[in-house]
file input.pdb (PDB, C-alpha atoms)
ATOM      1  CA  MET A   1      49.568 -41.217  -0.155
ATOM      2  CA  ALA A   2      50.556 -37.573   0.122
ATOM      3  CA  ASN A   3      48.548 -36.739  -2.971
ATOM      4  CA  ASN A   4      45.498 -38.455  -1.505
ATOM      5  CA  SER A   5      45.542 -36.383   1.715
ATOM      6  CA  ALA A   6      46.215 -33.199  -0.247
ATOM      7  CA  VAL A   7      43.054 -33.781  -2.254
ATOM      8  CA  ARG A   8      41.007 -34.367   0.877
ATOM      9  CA  GLY A   9      42.156 -31.107   2.536
ATOM     10  CA  PRO A  10      40.805 -28.678  -0.098
ATOM     11  CA  ALA A  11      37.657 -30.774  -0.511
ATOM     12  CA  ARG A  12      36.979 -30.406   3.201
ATOM     13  CA  ALA A  13      37.530 -26.639   2.949
ATOM     14  CA  VAL A  14      35.040 -26.402   0.095
ATOM     15  CA  ASP A  15      32.507 -28.449   2.060
ATOM     16  CA  SER A  16      32.861 -26.194   5.094
ATOM     17  CA  VAL A  17      32.397 -23.072   2.938
ATOM     18  CA  GLU A  18      29.243 -24.550   1.411
ATOM     19  CA  LEU A  19      27.995 -25.485   4.870
ATOM     20  CA  MET A  20      28.612 -21.927   6.141
ATOM     21  CA  ALA A  21      26.776 -20.512   3.121
ATOM     22  CA  ALA A  22      23.810 -22.811   3.733
ATOM     23  CA  ARG A  23      23.683 -21.856   7.424
ATOM     24  CA  SER A  24      23.879 -18.140   6.690
ATOM     25  CA  SER A  25      21.039 -18.365   4.174
ATOM     26  CA  MET A  26      18.917 -20.135   6.773
ATOM     27  CA  TRP A  27      18.943 -17.119   9.111
ATOM     28  CA  CYS A  28      18.997 -14.451   6.384
ATOM     29  CA  VAL A  29      15.521 -15.296   5.104
ATOM     30  CA  PRO A  30      13.710 -14.864   8.460
ATOM     31  CA  VAL A  31      15.641 -11.664   9.189
ATOM     32  CA  LEU A  32      14.729 -10.224   5.798
ATOM     33  CA  LEU A  33      11.081 -11.181   6.314
ATOM     34  CA  VAL A  34      11.013  -9.404   9.685
ATOM     35  CA  VAL A  35      12.654  -6.307   8.189
ATOM     36  CA  HIS A  36      10.170  -6.376   5.308
ATOM     37  CA  ALA A  37       7.207  -6.664   7.697
ATOM     38  CA  GLY A  38       8.549  -3.716   9.693
ATOM     39  CA  LEU A  39       8.881  -1.604   6.561
ATOM     40  CA  LEU A  40       5.327  -2.527   5.518
ATOM     41  CA  GLY A  41       3.999  -1.445   8.913
ATOM     42  CA  TYR A  42       5.958   1.798   8.802
ATOM     43  CA  GLY A  43       4.714   2.550   5.288
ATOM     44  CA  ALA A  44       1.115   1.865   6.282
ATOM     45  CA  VAL A  45       1.338   4.354   9.145
ATOM     46  CA  VAL A  46       3.221   7.064   7.277
ATOM     47  CA  HIS A  47       1.462   6.820   3.925
ATOM     48  CA  SER A  48      -2.105   6.105   5.027
ATOM     49  CA  PRO A  49      -4.914   8.502   4.082
ATOM     50  CA  THR A  50      -5.403  11.627   6.133
ATOM     51  CA  TYR A  51      -8.687  12.379   7.872
ATOM     52  CA  ASN A  52     -10.229  14.232   4.916
ATOM     53  CA  GLU A  53      -9.041  12.172   1.944
ATOM     54  CA  PRO A  54     -12.104   9.873   1.946
ATOM     55  CA  ALA A  55     -14.314  12.985   1.741
ATOM     56  CA  HIS A  56     -12.354  14.145  -1.312
ATOM     57  CA  LEU A  57     -12.932  10.759  -2.941
ATOM     58  CA  VAL A  58     -16.665  10.885  -2.173
ATOM     59  CA  ALA A  59     -16.782  14.364  -3.680
ATOM     60  CA  GLY A  60     -15.010  13.173  -6.828
ATOM     61  CA  ILE A  61     -17.400  10.261  -7.217
ATOM     62  CA  SER A  62     -20.378  12.600  -6.796
ATOM     63  CA  TYR A  63     -18.945  14.883  -9.501
ATOM     64  CA  TRP A  64     -18.920  11.965 -11.909
ATOM     65  CA  ARG A  65     -22.335  10.584 -10.870
ATOM     66  CA  PHE A  66     -24.377  13.774 -10.588
ATOM     67  CA  GLY A  67     -22.425  16.330 -12.633
ATOM     68  CA  ARG A  68     -22.579  18.802  -9.740
ATOM     69  CA  PHE A  69     -19.599  20.478  -8.130
ATOM     70  CA  ASP A  70     -21.158  21.612  -4.866
ATOM     71  CA  VAL A  71     -20.007  18.649  -2.763
ATOM     72  CA  TYR A  72     -16.887  19.452  -0.734
ATOM     73  CA  SER A  73     -16.162  22.509  -2.828
ATOM     74  CA  VAL A  74     -13.243  23.695  -0.713
ATOM     75  CA  ASN A  75     -10.732  23.716  -3.579
ATOM     76  CA  PRO A  76     -11.006  23.434  -7.362
ATOM     77  CA  PRO A  77     -12.442  20.017  -8.306
ATOM     78  CA  LEU A  78      -9.934  18.782 -10.905
ATOM     79  CA  VAL A  79      -7.817  16.639  -8.562
ATOM     80  CA  ARG A  80     -10.853  15.018  -6.951
ATOM     81  CA  PHE A  81     -12.349  14.455 -10.388
ATOM     82  CA  VAL A  82      -9.211  12.696 -11.642
ATOM     83  CA  ALA A  83      -8.657  10.719  -8.411
ATOM     84  CA  ALA A  84     -12.179   9.303  -8.493
ATOM     85  CA  ALA A  85     -11.989   8.136 -12.115
ATOM     86  CA  PRO A  86     -10.097   4.864 -11.471
ATOM     87  CA  VAL A  87     -12.402   4.039  -8.572
ATOM     88  CA  LEU A  88     -15.465   4.429 -10.766
ATOM     89  CA  PHE A  89     -13.972   2.523 -13.673
ATOM     90  CA  ALA A  90     -13.119  -0.321 -11.257
ATOM     91  CA  GLY A  91     -16.824  -0.632 -10.494
ATOM     92  CA  CYS A  92     -17.199   0.645  -6.947
ATOM     93  CA  GLU A  93     -20.531   0.282  -5.203
ATOM     94  CA  THR A  94     -22.038   3.480  -3.830
ATOM     95  CA  ASP A  95     -24.946   4.220  -1.556
ATOM     96  CA  TRP A  96     -26.288   7.763  -1.858
ATOM     97  CA  GLU A  97     -29.299   7.356   0.485
ATOM     98  CA  SER A  98     -27.795   9.627   3.122
ATOM     99  CA  PHE A  99     -26.742  12.217   0.532
ATOM    100  CA  ARG A 100     -28.412  15.556   1.172
ATOM    101  CA  LYS A 101     -28.857  18.213  -1.485
ATOM    102  CA  GLY A 102     -28.859  21.835  -0.572
ATOM    103  CA  PRO A 103     -27.488  23.522   2.539
ATOM    104  CA  GLY A 104     -25.545  21.195   4.802
ATOM    105  CA  GLY A 105     -25.174  18.610   2.034
ATOM    106  CA  THR A 106     -21.424  18.983   1.793
ATOM    107  CA  PRO A 107     -19.587  15.930   3.123
ATOM    108  CA  ARG A 108     -17.030  17.019   5.647
ATOM    109  CA  ASP A 109     -14.783  15.000   7.934
ATOM    110  CA  GLY A 110     -17.413  12.394   8.932
ATOM    111  CA  ASP A 111     -18.727  11.456   5.491
ATOM    112  CA  GLY A 112     -16.905   9.096   3.201
ATOM    113  CA  LYS A 113     -15.836   6.668   5.904
TER     114      LYS A 113
END

call {"tool": "encode", "arguments": {"input": "input.pdb", "output": "structure tokens"}}
result
Amino acid sequence: MANNSAVRGPARAVDSVELMAARSSMWCVPVLLVVHAGLLGYGAVVHSPTYNEPAHLVAGISYWRFGRFDVYSVNPPLVRFVAAAPVLFAGCETDWESFRKGPGGTPRDGDGK
């Protein structure tokens, strides 16, 4: 009889450890999801485009489409040229109806949104 109760004691301890592990995993998943959502929100705010990045992308696309480097020519065009390449190869749709050639045709802050 002593052997029988000795076997039941450790079995109960193992069951309680498994039960504690199952309970802890039940609250860990929601906590990790909340932390993950918070990190996603933080990353979206911190790493989102600045006010003039869309204009740089529009300029890069116009370099590829028209072969002209007069749009948003604030800095050398290489970075805008390279940054626009994947967008064009992905098949973006563009609308150049409001594009103006000549003086005042440079997209600044408002264009590219």

call {"tool": "resolve_selection", "arguments": {"input": "input.pdb", "expression": "the PyMOL selection byres ((chain A and resi 81-90) around 6)", "output": "ChimeraX atom specification"}}
result
/A:57,60-61,77-80,91-92

call {"tool": "atom_distance", "arguments": {"input": "input.pdb", "atom1": "atom CA of A:Asp95", "atom2": "atom CA of A:Ala55"}}
result
14.2 Å

call {"tool": "atom_distance", "arguments": {"input": "input.pdb", "atom1": "atom CA of A:Phe99", "atom2": "atom CA of A:Glu53"}}
result
17.8 Å

call {"tool": "axis_aligned_box", "arguments": {"input": "input.pdb", "around": "stretch 28-37 of chain A", "padding_each_side": "4 Å", "output": "lines of an AutoDock Vina configuration file"}}
result
center_x = 13.1
center_y = -10.8
center_z = 7.4
size_x = 19.8
size_y = 17.0
size_z = 12.6

call {"tool": "closest_residue", "arguments": {"input": "input.pdb", "among": "A:Ser25, A:Ser73, A:Gly41, A:Leu19", "to": "A:Ala59", "atoms": "all atoms listed in the file"}}
result
A:Ser73

call {"tool": "atom_distance", "arguments": {"input": "input.pdb", "atom1": "atom CA of A:Ser98", "atom2": "atom CA of A:Phe66"}}
result
14.7 Å

call {"tool": "build_atoms", "arguments": {"input": "input.pdb", "residues": "stretch 78-98 of chain A", "atoms": "N, CA and C atoms", "output": "mmCIF file, keeping the file's coordinate frame"}}
result
data_model
loop_
_atom_site.group_PDB
_atom_site.id
_atom_site.type_symbol
_atom_site.label_atom_id
_atom_site.label_comp_id
_atom_site.auth_asym_id
_atom_site.auth_seq_id
_atom_site.Cartn_x
_atom_site.Cartn_y
_atom_site.Cartn_z
ATOM 1 N N LEU A 78 -10.627 19.612 -9.917
ATOM 2 C CA LEU A 78 -9.934 18.782 -10.905
ATOM 3 C C LEU A 78 -9.248 17.569 -10.266
ATOM 4 N N VAL A 79 -8.546 17.755 -9.172
ATOM 5 C CA VAL A 79 -7.817 16.639 -8.562
ATOM 6 C C VAL A 79 -8.788 15.579 -8.050
ATOM 7 N N ARG A 80 -9.864 15.989 -7.425
ATOM 8 C CA ARG A 80 -10.853 15.018 -6.951
ATOM 9 C C ARG A 80 -11.507 14.307 -8.125
ATOM 10 N N PHE A 81 -11.746 15.026 -9.179
ATOM 11 C CA PHE A 81 -12.349 14.455 -10.388
ATOM 12 C C PHE A 81 -11.448 13.361 -10.960
ATOM 13 N N VAL A 82 -10.162 13.657 -11.076
ATOM 14 C CA VAL A 82 -9.211 12.696 -11.642
ATOM 15 C C VAL A 82 -8.988 11.523 -10.688
ATOM 16 N N ALA A 83 -8.914 11.789 -9.380
ATOM 17 C CA ALA A 83 -8.657 10.719 -8.411
ATOM 18 C C ALA A 83 -9.816 9.735 -8.326
ATOM 19 N N ALA A 84 -11.018 10.188 -8.574
ATOM 20 C CA ALA A 84 -12.179 9.303 -8.493
ATOM 21 C C ALA A 84 -12.382 8.473 -9.754
ATOM 22 N N ALA A 85 -11.782 8.852 -10.854
ATOM 23 C CA ALA A 85 -11.989 8.136 -12.115
ATOM 24 C C ALA A 85 -11.605 6.662 -12.033
ATOM 25 N N PRO A 86 -10.418 6.296 -11.530
ATOM 26 C CA PRO A 86 -10.097 4.864 -11.471
ATOM 27 C C PRO A 86 -11.025 4.074 -10.554
ATOM 28 N N VAL A 87 -11.493 4.714 -9.496
ATOM 29 C CA VAL A 87 -12.402 4.039 -8.572
ATOM 30 C C VAL A 87 -13.717 3.725 -9.277
ATOM 31 N N LEU A 88 -14.211 4.657 -10.039
ATOM 32 C CA LEU A 88 -15.465 4.429 -10.766
ATOM 33 C C LEU A 88 -15.302 3.405 -11.875
ATOM 34 N N PHE A 89 -14.189 3.467 -12.583
ATOM 35 C CA PHE A 89 -13.972 2.523 -13.673
ATOM 36 C C PHE A 89 -13.723 1.110 -13.141
ATOM 37 N N ALA A 90 -13.305 0.990 -11.882
ATOM 38 C CA ALA A 90 -13.119 -0.321 -11.257
ATOM 39 C C ALA A 90 -14.447 -0.926 -10.834
ATOM 40 N N GLY A 91 -15.498 -0.119 -10.818
ATOM 41 C CA GLY A 91 -16.824 -0.632 -10.494
ATOM 42 C C GLY A 91 -17.161 -0.583 -9.022
ATOM 43 N N CYS A 92 -16.892 0.534 -8.378
ATOM 44 C CA CYS A 92 -17.199 0.645 -6.947
ATOM 45 C C CYS A 92 -18.712 0.706 -6.734
ATOM 46 N N GLU A 93 -19.120 0.219 -5.571
ATOM 47 C CA GLU A 93 -20.531 0.282 -5.203
ATOM 48 C C GLU A 93 -20.740 1.505 -4.321
ATOM 49 N N THR A 94 -21.760 2.281 -4.616
ATOM 50 C CA THR A 94 -22.038 3.480 -3.830
ATOM 51 C C THR A 94 -23.455 3.437 -3.288
ATOM 52 N N ASP A 95 -23.632 4.110 -2.175
ATOM 53 C CA ASP A 95 -24.946 4.220 -1.556
ATOM 54 C C ASP A 95 -25.172 5.703 -1.250
ATOM 55 N N TRP A 96 -26.059 6.326 -1.986
ATOM 56 C CA TRP A 96 -26.288 7.763 -1.858
ATOM 57 C C TRP A 96 -27.566 8.064 -1.071
ATOM 58 N N GLU A 97 -28.072 7.121 -0.278
ATOM 59 C CA GLU A 97 -29.299 7.356 0.485
ATOM 60 C C GLU A 97 -29.142 8.479 1.503
ATOM 61 N N SER A 98 -27.987 8.586 2.111
ATOM 62 C CA SER A 98 -27.795 9.627 3.122
ATOM 63 C C SER A 98 -27.307 10.942 2.521
#
